[in-house]
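The structure under discussion appears below in the form of C-alpha cells.
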Amino acid sequence: MTTTTLGLPVTKAPAPPVRKPARWATRRIRGIALTTVTWIAVLAFFFPVVWMVFTAFKPESQAATLPPTFAPDLTLDRFQAVFDRGMLPYLINSASASLGSTLLVLALAIPAAYALSVRPVRNVRDPLFFLISTKFMPVAASIIPVYMLLQAVGGLDNITWLTILYVGINLPIAVWMMRSFLAEVPREIIEAAQIDGAGLRTEIFRVVLPIVLPGVAAAGLICFIFAWNEFFLANLLTTQVARTTPPVLGSFVDGRGQFLSVLSAASTIAIVPVVIAGWVAQKQLVRGLAMGAIK
Amino acid sequence: MTTGRRGLAISRALLWPALIVAILLTQIPLVATLYYSFQEWNLLRPGQRGFVGFDNYVKVLSDGSFLSSLGNTVVVTGSAVVGATLLGLLFAVLLDRKFLGQSVARTLMITPFLVMPAAAALIWKWSILDFTYGMANWGLSLVGLPPVAWNTDLPAATVIMVLIWQYTPFAMLILLAGLQSQSREVLEAASVDGAGPLRTFTSMTLPHLRQYVEITVLLATILLLQVFDPVAIMTNGTGGSKTLSYLLYERAFIGLEVGEAAAYGVMTVIVTIIVATVALRTLFKVFSEEGLMNR
C-alpha cells in the first residue's frame, strides 16, 4: 500500500506519455484511499494530545468515567485550580532557566561554531567529536559529584545553578547545529567583507549573523525546548524555591480523589509554550533537527 | 582570507570558551565519579569514608541487579528504537507524498516530540493506560477484547510505548529528510524504464535511505540509553523497567551509597562508550563519504 506513494509524484511529470482514463481513475481512487489511511494514522498518533487537552476542559466528575464522556460540560475551572495550587512560580522558574541557558549557550556556541566552519582551526574534527561525545555520556553518571558539589556550596534548589547545568547539556547540540548552518554561508561573501577590511566583529555581526539568523533561531528553539522539558536534574537538584514545571506535574496525581482533569490541565499548561513555539517555527525546527542529525 | 598565525589565534579564541565550559561541566564530574567509585562512602556513615580499591565494582558485578538492569536497558532501549524507527519510516513514506492537508499532518506528527516527557508519561499512565478509565482498555472493549492491566502487569511495555510515541517523530523527520534528498530525476527515469512503485521503493529508495536509517538508529539508541523520566514517573523501576540510570539513581539517592552508585555510574559510562564508539565510527563514515569533513 505504501509503495504506491513514490510512484505518484512521477505521474505529475510534464507530459505523461499516454493517459488512459481507466488507469487515471484507479490511480485517483488509490490516492484518495491512501490519503484517508494517512490521516487516520496521523490522527491516531496525535490522539493522546487531543484527549489531554479535551480532558483539561472537563469538570473532574466527568473526566474519569466509563464509558468516556464525549459531550461534557466544558469549564475552565480546572485551569483555575492549577494556578490556585501555586503553579505560577514553577512556570516562571522554567522560563528563566530555559531562556537563560539558551542565551548563554548561543553566546558560547556561535563563536565556537564560527571557528569550526568559517575560520577553521587546524583540527576541526577533534573538538567537534569531543563535544558530541559529552552528549553521549549519561547525565546520571555525573550527577553524584554535581550533587555533592552543589550541596557543599549551598547551590541546591538554586535556579542559577540549574541554568548553568543546562548550558552543559545543550552546548554540544547548539555548536553542531550552528556549524552546519554557518557552513552554508557562501565563502565569497565573507571573503569580500574581509577584503573590504572588515574586522572580525563586523564580519560576524554585520555579514554572517544576518544570513544565519534562521539557523540561530532554530538552534535557540531546540535548546529552549530541551531545557523546558528537562526532568532528571530539576527533580534531583531543586525542591521548592527553584523547582521547575516537569517535576511538579506528578504532584497533581492524587491517591484518594479524582484528579484526571486537573492533571490534564496542568500538563496542557506545561506543554503549551513549547508546542506552540514548535508549531510556529516548524520549518526552522525541522531544518535544525535534520541539520544536527545529518550534517 | 586572513589565514596564517593571526587567523588561527582568533579562531582558537573563538573556540576555547565553549570547550572550557563543556570540559568543566561534563568532564570534571566524570573524573570525580571515577574517584568516588573507589571509595567506601555511605552518606549515613560519613565517618567511615575511605579508599577500598575495586570493592565497589566487585559488589556491583556480583549483586545481580546490575546485570538484570543492563538486560532491562537493552530490552527497553532496543524495542523503543526499533519501534520508533519502523513507525517513523512508515509515517515518513506516507507524509512524503503530496496530499490534502500534508503540512497540517506533519505539524500534528511532530507534536509528541515537543510534549514534555513528564507530561507524556503522566497522561499515558493515567489517561490512556489506566485499567478502569483508560482509553486503551475502552478501545479494546469496543472490539470485544478483555481489558489489560497495563500499569501493573506490563510496566516495561508502558515505558516502551511512551518512548516509541515520543521518538517516532524524531525518526520520521530524519527519514523524511532522507526521502526528500532522493533525486526526482532518477526516480522518474526508473518509472519511465518501467519499474513499478514497489520495485522502485525496494531497489532504489531503501538503499538510498540506508544511511539515514543508520543515523536514526544510532542517535535514538544513544538518547534512549539514558532514559529516566518515564521510568521514574510511570513505574519506579518495577517489572523489568529498571534501567541503568534508574538503578544508579536509586542506589545514590535512596540508598545513599555514594561509592557503590558511582561504580554503577562508571559501568554505565563504559556500556555507553561501547555503543557510542560504534555510533561515532558509523557517523564518521557517513561524514567522509559525503566529503563534509574535508572542507
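Each chain in the C-alpha cells gets a letter, A, B and so on, in the order shown; residues start at 1 in every chain, and ligands are counted from 1 in the order they appear.
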For this session: May I have the residues within 8 Å of A:Ile271 as a PyMOL selection string, using only C-alpha atoms and disregarding those fewer than 5 positions away in the same chain?
Result: chain B and resi 114-116+119
Can you pull out every residue within 9 Å of B:Phe91, counting only C-alpha atoms, but drop anything in the same chain fewer than 2 positions away, and send it as a PDB file with N, CA and C atoms, in the first residue's frame?
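Saved file around22.pdb follows:
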ATOM      1  N   THR A  38      -3.548   7.684   5.614  1.00  0.00           N
ATOM      2  CA  THR A  38      -2.552   8.563   6.220  1.00  0.00           C
ATOM      3  C   THR A  38      -3.176   9.396   7.331  1.00  0.00           C
ATOM      4  N   ALA A  41      -4.033   7.386  10.436  1.00  0.00           N
ATOM      5  CA  ALA A  41      -2.818   7.068  11.204  1.00  0.00           C
ATOM      6  C   ALA A  41      -2.316   8.293  11.958  1.00  0.00           C
ATOM      7  N   VAL A  42      -2.292   9.440  11.283  1.00  0.00           N
ATOM      8  CA  VAL A  42      -1.786  10.665  11.925  1.00  0.00           C
ATOM      9  C   VAL A  42      -2.672  11.047  13.104  1.00  0.00           C
TER      10      VAL A  42
ATOM     11  N   LEU B  86      10.717   1.993  12.819  1.00  0.00           N
ATOM     12  CA  LEU B  86       9.762   1.414  11.861  1.00  0.00           C
ATOM     13  C   LEU B  86       8.545   2.324  11.655  1.00  0.00           C
ATOM     14  N   LEU B  87       7.975   2.791  12.787  1.00  0.00           N
ATOM     15  CA  LEU B  87       6.833   3.704  12.659  1.00  0.00           C
ATOM     16  C   LEU B  87       7.251   4.999  11.962  1.00  0.00           C
ATOM     17  N   GLY B  88       8.455   5.472  12.303  1.00  0.00           N
ATOM     18  CA  GLY B  88       8.964   6.697  11.682  1.00  0.00           C
ATOM     19  C   GLY B  88       9.102   6.523  10.174  1.00  0.00           C
ATOM     20  N   LEU B  89       9.563   5.352   9.753  1.00  0.00           N
ATOM     21  CA  LEU B  89       9.706   5.070   8.315  1.00  0.00           C
ATOM     22  C   LEU B  89       8.333   5.049   7.649  1.00  0.00           C
ATOM     23  N   VAL B  93       7.191   7.782   4.794  1.00  0.00           N
ATOM     24  CA  VAL B  93       6.751   7.416   3.442  1.00  0.00           C
ATOM     25  C   VAL B  93       5.354   7.974   3.170  1.00  0.00           C
ATOM     26  N   LEU B  94       4.470   7.868   4.176  1.00  0.00           N
ATOM     27  CA  LEU B  94       3.108   8.381   3.994  1.00  0.00           C
ATOM     28  C   LEU B  94       3.105   9.896   3.788  1.00  0.00           C
ATOM     29  N   LEU B  95       3.951  10.598   4.555  1.00  0.00           N
ATOM     30  CA  LEU B  95       3.903  12.065   4.515  1.00  0.00           C
ATOM     31  C   LEU B  95       4.775  12.656   3.409  1.00  0.00           C
ATOM     32  N   ASP B  96       5.565  11.846   2.752  1.00  0.00           N
ATOM     33  CA  ASP B  96       6.415  12.349   1.668  1.00  0.00           C
ATOM     34  C   ASP B  96       5.564  12.650   0.433  1.00  0.00           C
ATOM     35  N   MET B 109       2.133  15.505  13.520  1.00  0.00           N
ATOM     36  CA  MET B 109       3.037  14.371  13.748  1.00  0.00           C
ATOM     37  C   MET B 109       4.252  14.729  14.591  1.00  0.00           C
ATOM     38  N   THR B 168       9.063   8.515  17.618  1.00  0.00           N
ATOM     39  CA  THR B 168       8.669   8.304  16.222  1.00  0.00           C
ATOM     40  C   THR B 168       8.802   9.593  15.385  1.00  0.00           C
ATOM     41  N   PRO B 169       8.350  10.748  15.895  1.00  0.00           N
ATOM     42  CA  PRO B 169       8.525  11.972  15.113  1.00  0.00           C
ATOM     43  C   PRO B 169       9.991  12.270  14.816  1.00  0.00           C
ATOM     44  N   MET B 172      10.972  10.024  12.121  1.00  0.00           N
ATOM     45  CA  MET B 172      10.287  10.423  10.897  1.00  0.00           C
ATOM     46  C   MET B 172      10.967  11.627  10.244  1.00  0.00           C
ATOM     47  N   LEU B 176      12.400  11.451   6.642  1.00  0.00           N
ATOM     48  CA  LEU B 176      11.737  12.297   5.653  1.00  0.00           C
ATOM     49  C   LEU B 176      12.780  13.141   4.913  1.00  0.00           C
TER      50      LEU B 176
END
Exercise. What are the DSSP helix (DSSP H, G or I) residues of stretch 41-263 of chain B, as JSON, numbers by chain?
Worked result: {"B": [46, 47, 48, 55, 56, 57, 58, 59, 60, 61, 62, 63, 65, 66, 67, 68, 69, 70, 71, 72, 73, 74, 75, 76, 77, 78, 79, 80, 81, 82, 83, 84, 85, 86, 87, 88, 89, 90, 91, 92, 93, 94, 95, 96, 102, 103, 104, 105, 106, 107, 108, 109, 110, 111, 112, 113, 114, 117, 118, 119, 120, 121, 122, 123, 124, 125, 126, 127, 128, 135, 136, 137, 138, 139, 140, 141, 142, 150, 151, 152, 153, 155, 156, 157, 158, 159, 160, 161, 162, 163, 164, 165, 166, 167, 168, 169, 170, 171, 172, 173, 174, 175, 176, 177, 178, 179, 180, 184, 185, 186, 187, 188, 189, 190, 191, 192, 197, 198, 199, 200, 201, 202, 203, 204, 205, 206, 207, 208, 209, 210, 211, 212, 213, 214, 215, 216, 217, 218, 219, 220, 221, 222, 223, 224, 225, 229, 230, 231, 232, 233, 234, 235, 244, 245, 246, 247, 248, 249, 250, 251, 252, 253, 258, 259, 260, 261, 262, 263]}
Problem set entry | Contacts of stretch 218-223 of chain B within 12 Å, only C-alpha atoms, excl. fewer than 5 positions in-chain, as a PyMOL selection string | (chain A and resi 132-139+289-290+292-294) or (chain B and resi 73-85+88+163-164+166-172+174+211-213+228+269+271-283)
Seminar exercise, completed: Closest of B:Asp153, B:Asn137, B:Arg106, B:Tyr249 to A:Lys283, counting only C-alpha atoms, is B:Arg106
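Here atom CA of B:Leu8 stands at a distance of 15.7 Å from atom CA of A:Asp126.
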For this session: For atom CA of A:Asn229 and atom CA of A:Pro246, quote the distance in Å rounded to one decimal.
Result: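 Between these atoms lies a distance of 6.4 Å.
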Within 6 Å of chain A: each chain B residue with its shortest pair, only C-alpha atoms, as a tab-separated table:
residue	atom	partner	partner_atom	distance
B:Met1	CA	A:Glu191	CA	5.9
B:Leu8	CA	A:Val121	CA	6.0
B:Ser11	CA	A:Ala115	CA	4.7
B:Leu14	CA	A:Pro111	CA	5.0
B:Leu15	CA	A:Ala112	CA	4.0
B:Ala18	CA	A:Leu108	CA	5.2
B:Ala22	CA	A:Gly168	CA	5.8
B:Leu25	CA	A:Gly168	CA	5.6
B:Pro29	CA	A:Ser142	CA	5.0
B:Leu30	CA	A:Ser142	CA	5.2
B:Arg97	CA	A:Thr5	CA	5.7
B:Leu114	CA	A:Val275	CA	5.6
B:Val115	CA	A:Ile271	CA	5.6
B:Met116	CA	A:Asn229	CA	4.8
B:Ala118	CA	A:Pro246	CA	5.6
B:Ala119	CA	A:Ser267	CA	5.3
B:Tyr133	CA	A:Ala64	CA	5.6
B:Ile174	CA	A:Ala290	CA	5.6
B:Glu188	CA	A:Val10	CA	5.8
B:Pro197	CA	A:Gly7	CA	5.0
B:Leu198	CA	A:Thr3	CA	5.1
B:Gln226	CA	A:Pro138	CA	5.3
B:Ser245	CA	A:Ala140	CA	5.8
B:Gly265	CA	A:Ala141	CA	4.3
Exercise. Which one of B:Phe131, B:Trp165, B:Phe51, B:Tyr264 sits closest to B:Thr243 if you count only C-alpha atoms?
Worked result: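 Using only C-alpha atoms, B:Thr243 sits closest to B:Tyr264.
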For this session: Rounded to one decimal place, report the atom CA of B:Ala92-atom CA of B:Leu175 distance in Å.
Result: 6.1 Å
